[in-house]
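Student: Provided herewith: model.tsv, TSV, C-alpha atoms.
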chain	number	residue	atom	x	y	z
U	25	MET	CA	-181.86	-95.32	-191.32
U	26	GLU	CA	-180.25	-92.02	-190.18
U	27	ASN	CA	-181.14	-89.11	-187.92
U	28	ARG	CA	-180.89	-85.66	-189.46
U	29	ALA	CA	-179.76	-82.63	-187.59
U	30	ASP	CA	-183.38	-81.51	-187.24
U	31	GLY	CA	-184.22	-84.77	-185.44
U	32	LYS	CA	-186.15	-86.41	-188.29
U	33	GLU	CA	-185.42	-89.97	-189.35
U	34	VAL	CA	-184.58	-90.68	-193.00
U	35	ASP	CA	-184.08	-93.91	-194.88
U	36	GLY	CA	-181.16	-94.73	-197.15
U	37	ARG	CA	-182.64	-92.65	-199.96
U	38	GLY	CA	-183.00	-89.57	-197.78
U	39	VAL	CA	-186.78	-89.85	-197.52
U	40	ASP	CA	-188.35	-88.74	-194.23
U	41	ILE	CA	-189.78	-91.55	-192.09
U	42	ILE	CA	-192.58	-90.29	-189.87
U	43	SER	CA	-193.83	-92.53	-187.07
U	44	GLU	CA	-197.57	-92.96	-186.50
U	45	GLU	CA	-197.28	-91.14	-183.17
U	46	ARG	CA	-195.49	-88.17	-184.74
U	47	GLU	CA	-197.87	-88.17	-187.66
U	48	GLU	CA	-200.87	-88.00	-185.32
U	49	ALA	CA	-199.13	-85.37	-183.16
U	50	GLU	CA	-198.52	-83.19	-186.21
U	51	LEU	CA	-202.19	-83.32	-187.24
U	52	PRO	CA	-204.35	-80.27	-186.54
U	53	ALA	CA	-206.12	-80.43	-183.17
U	54	GLY	CA	-209.50	-81.03	-184.78
U	55	ARG	CA	-208.13	-83.88	-186.86
U	56	GLN	CA	-206.53	-85.48	-183.80
U	57	THR	CA	-209.87	-85.41	-182.02
U	58	ALA	CA	-211.58	-87.02	-185.01
U	59	VAL	CA	-208.98	-89.82	-185.14
U	60	ARG	CA	-209.39	-90.55	-181.44
U	61	ARG	CA	-213.17	-90.63	-181.79
U	62	THR	CA	-212.89	-93.05	-184.71
U	63	TRP	CA	-210.71	-95.44	-182.71
U	64	ARG	CA	-212.99	-95.21	-179.66
U	65	ALA	CA	-216.03	-95.95	-181.85
U	66	ARG	CA	-214.27	-98.98	-183.34
U	67	ARG	CA	-213.38	-100.30	-179.89
U	68	ARG	CA	-216.97	-99.83	-178.73
U	69	ARG	CA	-218.30	-101.72	-181.75
U	70	LEU	CA	-215.83	-104.54	-181.11
U	71	VAL	CA	-216.83	-104.76	-177.44
U	72	LEU	CA	-220.53	-104.75	-178.36
U	73	LEU	CA	-219.94	-107.49	-180.94
U	74	VAL	CA	-218.15	-109.70	-178.38
U	75	LEU	CA	-220.85	-109.11	-175.77
U	76	SER	CA	-223.58	-109.89	-178.32
U	77	ILE	CA	-221.93	-113.19	-179.18
U	78	LEU	CA	-221.58	-114.09	-175.49
U	79	PHE	CA	-225.15	-113.19	-174.53
U	80	LEU	CA	-226.96	-114.42	-177.65
U	81	PRO	CA	-227.23	-118.02	-176.33
U	82	TYR	CA	-229.00	-116.76	-173.19
U	83	ALA	CA	-231.52	-114.87	-175.31
U	84	LEU	CA	-232.05	-118.01	-177.39
U	85	ILE	CA	-232.73	-120.05	-174.26
U	86	PHE	CA	-235.78	-117.87	-173.61
U	87	PHE	CA	-236.71	-117.94	-177.30
U	88	TYR	CA	-236.65	-121.76	-177.27
U	89	LEU	CA	-239.24	-121.82	-174.50
U	90	ALA	CA	-241.90	-121.85	-177.22
U	91	GLU	CA	-242.68	-125.49	-177.95
U	92	PHE	CA	-243.40	-124.85	-181.63
U	93	ILE	CA	-239.76	-123.77	-182.15
U	94	HIS	CA	-237.44	-126.59	-183.16
U	95	PRO	CA	-233.82	-125.58	-182.39
U	96	VAL	CA	-230.89	-126.77	-184.49
U	97	SER	CA	-227.41	-127.59	-183.24
U	98	THR	CA	-224.11	-126.04	-184.24
U	99	LEU	CA	-223.20	-129.33	-185.96
U	100	MET	CA	-226.34	-129.10	-188.10
U	101	LEU	CA	-225.40	-125.54	-189.04
U	102	ARG	CA	-221.91	-126.74	-189.92
U	103	ASP	CA	-223.35	-129.42	-192.20
U	104	LEU	CA	-225.54	-126.82	-193.90
U	105	VAL	CA	-222.60	-124.44	-194.42
U	106	LEU	CA	-220.51	-127.27	-195.89
U	107	ALA	CA	-223.45	-128.29	-198.13
U	108	ARG	CA	-223.50	-131.78	-196.62
U	109	GLY	CA	-227.12	-131.72	-195.53
U	110	TYR	CA	-228.47	-133.75	-192.62
U	111	ASP	CA	-231.42	-135.87	-191.54
U	112	ARG	CA	-233.43	-134.59	-188.58
U	113	GLN	CA	-237.16	-135.11	-188.02
U	114	TRP	CA	-238.43	-133.34	-184.93
U	115	VAL	CA	-240.61	-135.44	-182.65
U	116	ASP	CA	-242.52	-134.30	-179.56
U	117	PHE	CA	-241.53	-135.70	-176.17
U	118	ASP	CA	-244.76	-137.67	-175.85
U	119	ASP	CA	-244.00	-139.43	-179.14
U	120	ILE	CA	-240.70	-140.85	-177.91
U	121	ALA	CA	-240.71	-144.33	-176.37
U	122	PRO	CA	-240.25	-144.03	-172.58
U	123	VAL	CA	-237.69	-146.86	-172.71
U	124	LEU	CA	-235.48	-144.60	-174.85
U	125	VAL	CA	-235.74	-141.74	-172.35
U	126	GLN	CA	-234.98	-144.11	-169.47
U	127	SER	CA	-232.01	-145.63	-171.29
U	128	VAL	CA	-230.52	-142.24	-172.16
U	129	MET	CA	-230.90	-141.03	-168.58
U	130	MET	CA	-229.29	-144.14	-167.12
U	131	SER	CA	-226.45	-143.94	-169.62
U	132	GLU	CA	-225.80	-140.20	-169.73
U	133	ASP	CA	-227.17	-138.53	-166.58
U	134	GLY	CA	-228.75	-140.65	-163.86
U	135	GLN	CA	-229.29	-137.61	-161.61
U	136	PHE	CA	-231.03	-135.57	-164.31
U	137	CYS	CA	-234.17	-135.02	-162.24
U	138	SER	CA	-232.34	-134.04	-159.05
U	139	HIS	CA	-229.63	-131.58	-160.14
U	140	ALA	CA	-230.04	-128.04	-161.46
U	141	GLY	CA	-228.10	-128.35	-164.69
U	142	VAL	CA	-224.71	-129.39	-163.29
U	143	ASP	CA	-223.90	-132.38	-161.09
U	144	TRP	CA	-221.48	-130.56	-158.79
U	145	ALA	CA	-220.55	-133.68	-156.83
U	146	GLN	CA	-219.42	-135.41	-160.02
U	147	MET	CA	-217.69	-132.24	-161.17
U	148	ARG	CA	-215.70	-131.97	-157.92
U	149	ALA	CA	-214.66	-135.62	-158.22
U	150	VAL	CA	-213.39	-135.02	-161.75
U	151	VAL	CA	-211.41	-131.96	-160.66
U	152	GLU	CA	-209.89	-133.87	-157.73
U	153	ASP	CA	-208.88	-136.74	-160.03
U	154	ALA	CA	-207.28	-134.29	-162.43
U	155	LEU	CA	-205.36	-132.56	-159.64
U	156	ASP	CA	-204.15	-135.94	-158.36
U	157	GLY	CA	-202.91	-136.83	-161.83
U	158	GLY	CA	-205.41	-139.66	-162.22
U	159	GLN	CA	-207.51	-140.50	-165.23
U	160	THR	CA	-210.55	-138.24	-165.43
U	161	ARG	CA	-214.05	-139.42	-166.27
U	162	GLY	CA	-216.89	-137.58	-167.89
U	163	ALA	CA	-219.16	-135.42	-165.74
U	164	SER	CA	-221.30	-133.83	-168.44
U	165	THR	CA	-224.99	-133.73	-167.64
U	166	ILE	CA	-227.77	-133.70	-170.21
U	167	PRO	CA	-228.24	-129.91	-169.77
U	168	MET	CA	-224.51	-129.43	-170.31
U	169	GLN	CA	-224.55	-131.57	-173.45
U	170	THR	CA	-227.64	-129.74	-174.70
U	171	ALA	CA	-225.95	-126.36	-174.20
U	172	LYS	CA	-222.86	-127.59	-176.01
U	173	ASN	CA	-224.87	-129.00	-178.92
U	174	LEU	CA	-226.97	-125.86	-179.35
U	175	PHE	CA	-224.46	-123.09	-178.76
U	176	LEU	CA	-220.86	-124.31	-178.59
U	177	TRP	CA	-218.47	-126.72	-180.27
U	178	ASN	CA	-217.10	-130.23	-179.85
U	179	GLY	CA	-213.69	-131.02	-178.43
U	180	ARG	CA	-212.18	-130.69	-174.97
U	181	SER	CA	-211.47	-127.12	-173.98
U	182	PHE	CA	-211.44	-125.24	-170.67
U	183	VAL	CA	-212.86	-122.22	-172.48
U	184	ARG	CA	-215.77	-124.23	-173.82
U	185	LYS	CA	-216.41	-125.85	-170.44
U	186	ALA	CA	-216.38	-122.44	-168.73
U	187	MET	CA	-219.04	-121.23	-171.18
U	188	GLU	CA	-221.00	-124.49	-170.99
U	189	LEU	CA	-221.58	-124.54	-167.22
U	190	PRO	CA	-223.58	-121.29	-166.86
U	191	LEU	CA	-225.51	-122.06	-170.05
U	192	ALA	CA	-226.51	-125.45	-168.63
U	193	VAL	CA	-227.68	-123.86	-165.36
U	194	ALA	CA	-229.65	-121.22	-167.27
U	195	ALA	CA	-231.28	-123.80	-169.57
U	196	ASP	CA	-232.24	-126.01	-166.62
U	197	PHE	CA	-233.70	-122.99	-164.80
U	198	VAL	CA	-235.70	-121.61	-167.76
U	199	TRP	CA	-236.90	-124.83	-169.42
U	200	SER	CA	-238.92	-127.59	-167.84
U	201	LYS	CA	-237.18	-130.95	-167.55
U	202	ARG	CA	-239.47	-132.32	-170.26
U	203	ARG	CA	-238.60	-129.48	-172.66
U	204	LEU	CA	-234.91	-129.90	-171.92
U	205	MET	CA	-235.02	-133.62	-172.61
U	206	GLU	CA	-237.13	-133.07	-175.72
U	207	ILE	CA	-234.60	-130.63	-177.17
U	208	TYR	CA	-231.65	-132.85	-176.26
U	209	LEU	CA	-233.14	-135.93	-177.91
U	210	ASN	CA	-233.94	-133.93	-181.04
U	211	VAL	CA	-230.48	-132.41	-181.53
U	212	ALA	CA	-228.20	-135.24	-180.34
U	213	GLU	CA	-226.01	-136.77	-183.04
U	214	TRP	CA	-226.46	-140.48	-183.79
U	215	GLY	CA	-224.18	-140.85	-186.80
U	216	GLU	CA	-222.82	-138.87	-189.74
U	217	GLY	CA	-225.59	-136.43	-190.65
U	218	ILE	CA	-228.10	-138.22	-188.38
U	219	TYR	CA	-229.59	-135.94	-185.73
U	220	GLY	CA	-232.43	-136.50	-183.31
U	221	ILE	CA	-234.03	-139.69	-182.08
U	222	GLU	CA	-236.62	-140.01	-184.87
U	223	ALA	CA	-234.00	-139.97	-187.63
U	224	ALA	CA	-231.76	-142.25	-185.55
U	225	ALA	CA	-234.50	-144.85	-184.91
U	226	ARG	CA	-235.44	-144.97	-188.58
U	227	HIS	CA	-231.84	-145.01	-189.80
U	228	HIS	CA	-230.56	-147.72	-187.46
U	229	PHE	CA	-233.65	-149.87	-186.91
U	230	GLY	CA	-236.31	-148.86	-189.44
U	231	VAL	CA	-238.86	-147.91	-186.77
U	232	SER	CA	-240.16	-144.63	-185.33
U	233	ALA	CA	-238.97	-143.21	-182.02
U	234	ALA	CA	-242.27	-144.32	-180.46
U	235	GLU	CA	-241.73	-147.94	-181.52
U	236	LEU	CA	-238.24	-148.55	-180.16
U	237	SER	CA	-237.76	-151.73	-178.15
U	238	ARG	CA	-235.88	-151.80	-174.86
U	239	ARG	CA	-232.83	-153.32	-176.56
U	240	GLN	CA	-232.84	-150.83	-179.42
U	241	ALA	CA	-233.18	-147.96	-176.95
U	242	ALA	CA	-230.23	-149.21	-174.91
U	243	LEU	CA	-228.05	-149.53	-178.02
U	244	LEU	CA	-228.88	-145.99	-179.10
U	245	ALA	CA	-228.17	-144.67	-175.59
U	246	VAL	CA	-224.71	-146.23	-175.27
U	247	SER	CA	-223.72	-145.02	-178.74
U	248	LEU	CA	-224.21	-141.35	-177.78
U	249	PRO	CA	-220.69	-140.64	-176.43
U	250	ASN	CA	-219.19	-141.46	-179.85
U	251	PRO	CA	-221.99	-141.99	-182.40
U	252	VAL	CA	-219.66	-142.00	-185.41
U	253	ASP	CA	-217.56	-144.94	-184.18
U	254	ARG	CA	-220.34	-146.62	-182.16
U	255	ASN	CA	-222.94	-147.82	-184.65
U	256	ALA	CA	-226.15	-148.69	-182.79
U	257	GLY	CA	-227.49	-150.59	-185.81
U	258	LYS	CA	-224.35	-152.72	-186.13
U	259	PRO	CA	-223.04	-153.07	-182.58
U	260	GLY	CA	-219.85	-154.87	-181.72
U	261	ARG	CA	-219.41	-157.11	-178.69
U	262	GLY	CA	-218.39	-154.24	-176.41
U	263	LEU	CA	-221.35	-152.10	-177.39
U	264	ARG	CA	-223.76	-155.00	-176.86
U	265	ARG	CA	-222.29	-155.58	-173.41
U	266	LEU	CA	-222.74	-151.91	-172.46
U	267	ALA	CA	-226.29	-151.98	-173.82
U	268	SER	CA	-227.12	-154.94	-171.59
U	269	VAL	CA	-226.00	-152.99	-168.52
U	270	ILE	CA	-228.07	-149.94	-169.51
U	271	GLU	CA	-231.05	-152.12	-170.32
U	272	ARG	CA	-231.05	-153.50	-166.78
U	273	ARG	CA	-230.63	-150.05	-165.24
U	274	ALA	CA	-233.45	-148.62	-167.38
U	275	SER	CA	-235.82	-151.33	-166.19
U	276	ARG	CA	-235.23	-150.17	-162.58
U	277	SER	CA	-235.25	-146.42	-163.27
U	278	GLY	CA	-238.75	-145.59	-162.04
U	279	GLY	CA	-237.55	-143.50	-159.12
U	280	TYR	CA	-235.18	-141.48	-161.29
U	281	ILE	CA	-237.63	-140.24	-163.95
U	282	THR	CA	-240.37	-138.69	-161.82
U	283	CYS	CA	-239.65	-135.22	-163.27
U	284	LEU	CA	-240.57	-136.48	-166.75
U	285	TYR	CA	-243.49	-138.82	-166.17
U	286	ASP	CA	-246.33	-138.51	-163.67
In structure tokens, write the structure found in this file.
Tutor:
Amino acid sequence: MENRADGKEVDGRGVDIISEEREEAELPAGRQTAVRRTWRARRRRLVLLVLSILFLPYALIFFYLAEFIHPVSTLMLRDLVLARGYDRQWVDFDDIAPVLVQSVMMSEDGQFCSHAGVDWAQMRAVVEDALDGGQTRGASTIPMQTAKNLFLWNGRSFVRKAMELPLAVAADFVWSKRRLMEIYLNVAEWGEGIYGIEAAARHHFGVSAAELSRRQAALLAVSLPNPVDRNAGKPGRGLRRLASVIERRASRSGGYITCLYD
């Protein structure tokens, strides 16, 4: 590349090389204005697209207030896109065995009725453990898991967690506790392509969600953190031991479930 006496750059073949800045500067004034407007319009559209994606979940939270609407999770949508299909049979809250609700609460979120979407005490403890270099434990509440299942993605990520927290607070504020639990139990994954408690009860035990025994409910509850590796229908020794603990806690959970049952 060479510079000519007139200041223009040329390549090895003597062809003028005009930079984008020079090219725009050499355009007529009207054309320059049109180019700038085009770029500004593109930036505005991009900003609007990003904002729409960020705020769509909050609009859907209000949309899902209607009890006749049966939300699907991002994992269900993934299975549809990949043509895998899935099994999910929606069931109303009143048609789910109370022992299953008790077991899930005692396993996943014992303070479900008392917090407002996020258990801040547990969250602070996790942050302190992380800062001290210790092993962190889970602090996800049922509203947080519901928000993740409906609107976000699996996997540990600070970005996802930052989006999950306000969504959980919003869902807990807008929905009743019964509606929140109903949605969670109908979108939770209980195996490859198995979503919701009705499909899980029939797949693993051959009964409906209303007919689950205390033991079956406990096994399903403790399989939730990793439903692909933890098979509630074929539990190993460790899973059976965890289920026994949850079964005992569920039997003494009366004071913890007052927001769901009168």
Student: Per residue of region 46-130 of chain U within 7 Å of region 199-223 of chain U, which atom pair is closest and at what distance in Å (one decimal), using only C-alpha atoms, listed by chain and increasing number, as a Markdown table?
Tutor:
| residue | atom | partner | partner_atom | distance |
| --- | --- | --- | --- | --- |
| U:Leu89 | CA | U:Trp199 | CA | 6.4 |
| U:Val96 | CA | U:Val211 | CA | 6.4 |
| U:Ser97 | CA | U:Val211 | CA | 6.0 |
| U:Gly109 | CA | U:Gly217 | CA | 7.0 |
| U:Tyr110 | CA | U:Gly217 | CA | 4.4 |
| U:Asp111 | CA | U:Ile218 | CA | 5.2 |
| U:Arg112 | CA | U:Tyr219 | CA | 5.0 |
| U:Gln113 | CA | U:Ala223 | CA | 5.8 |
| U:Trp114 | CA | U:Asn210 | CA | 6.0 |
| U:Val115 | CA | U:Glu222 | CA | 6.5 |
| U:Asp116 | CA | U:Glu206 | CA | 6.7 |
| U:Phe117 | CA | U:Glu206 | CA | 5.1 |
Student: With distances taken over all atoms listed in the file, which residue among U:Ala171, U:Leu176, U:Ala224, U:Val105 lies nearest Asp196 (chain U)?
Tutor: U:Ala171
Student: One number please: CA of Leu80 (chain U) to CA of Ala194 (chain U), in Å, one decimal.
Tutor: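 Interatomic distance, CA of Leu80 (chain U) to CA of Ala194 (chain U): 12.7 Å.
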Student: Could you pull the residues within 9 Å of region 137-147 of chain U, counting only C-alpha atoms, minus those fewer than 3 positions along the same chain, as a ChimeraX atom specification?
Tutor: /U:133-134,150-152,162-168,189-197,201,280-284
Student: Record the distance separating CA of Ser268 (chain U) and CA of Leu244 (chain U), expressed in Å with one decimal.
Tutor: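 Calculated distance between CA of Ser268 (chain U) and CA of Leu244 (chain U) is 11.8 Å.
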Student: Determine the nearest neighbour of Phe136 (chain U) from the options U:Gln169, U:Ser247, U:Ile270, U:Arg254, counting only C-alpha atoms.
Tutor: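 So, comparing all the options, the nearest one is U:Gln169.
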Student: Between CA of Tyr82 (chain U) and CA of Ser127 (chain U), measure the distance and give it in Å to one decimal.
Tutor: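 Between CA of Tyr82 (chain U) and CA of Ser127 (chain U) the gap works out to 29.1 Å.
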Student: Quick one: residues within 9 Å of Glu235 (chain U), only C-alpha atoms, excluding same-chain residues fewer than 3 positions away - as a compact mmCIF listing (two decimals) with C-alpha atoms, in the coordinates of the input?
Tutor:
# COMPACT_ATOMS: atom_id res chain seq x y z
CA ILE U 120 -240.70 -140.85 -177.91
CA ALA U 121 -240.71 -144.33 -176.37
CA ALA U 225 -234.50 -144.85 -184.91
CA VAL U 231 -238.86 -147.91 -186.77
CA SER U 232 -240.16 -144.63 -185.33
Student: Have a look at U:Arg60, U:Gly262, U:Val123, U:Leu70 and name the one nearest to Arg276 (chain U); count only C-alpha atoms.
Tutor: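 The shortest atom-to-atom distance to Arg276 (chain U) comes from U:Val123.
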Student: Which residues are near Asn178 (chain U)? Cut-off 12 Å, all atoms listed in the file, ignore same chain within fewer than 4 positions. Put them as a compact mmCIF listing (two decimals) with C-alpha atoms, keeping the file's coordinate frame.
Tutor:
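What follows is the written file out.txt:
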# COMPACT_ATOMS: atom_id res chain seq x y z
CA SER U 97 -227.41 -127.59 -183.24
CA THR U 98 -224.11 -126.04 -184.24
CA LEU U 99 -223.20 -129.33 -185.96
CA ARG U 102 -221.91 -126.74 -189.92
CA GLN U 169 -224.55 -131.57 -173.45
CA THR U 170 -227.64 -129.74 -174.70
CA ALA U 171 -225.95 -126.36 -174.20
CA LYS U 172 -222.86 -127.59 -176.01
CA ASN U 173 -224.87 -129.00 -178.92
CA LEU U 174 -226.97 -125.86 -179.35
CA PHE U 182 -211.44 -125.24 -170.67
CA VAL U 183 -212.86 -122.22 -172.48
CA ARG U 184 -215.77 -124.23 -173.82
CA LYS U 185 -216.41 -125.85 -170.44
CA GLU U 188 -221.00 -124.49 -170.99
CA GLU U 213 -226.01 -136.77 -183.04
CA PRO U 249 -220.69 -140.64 -176.43
CA ASN U 250 -219.19 -141.46 -179.85
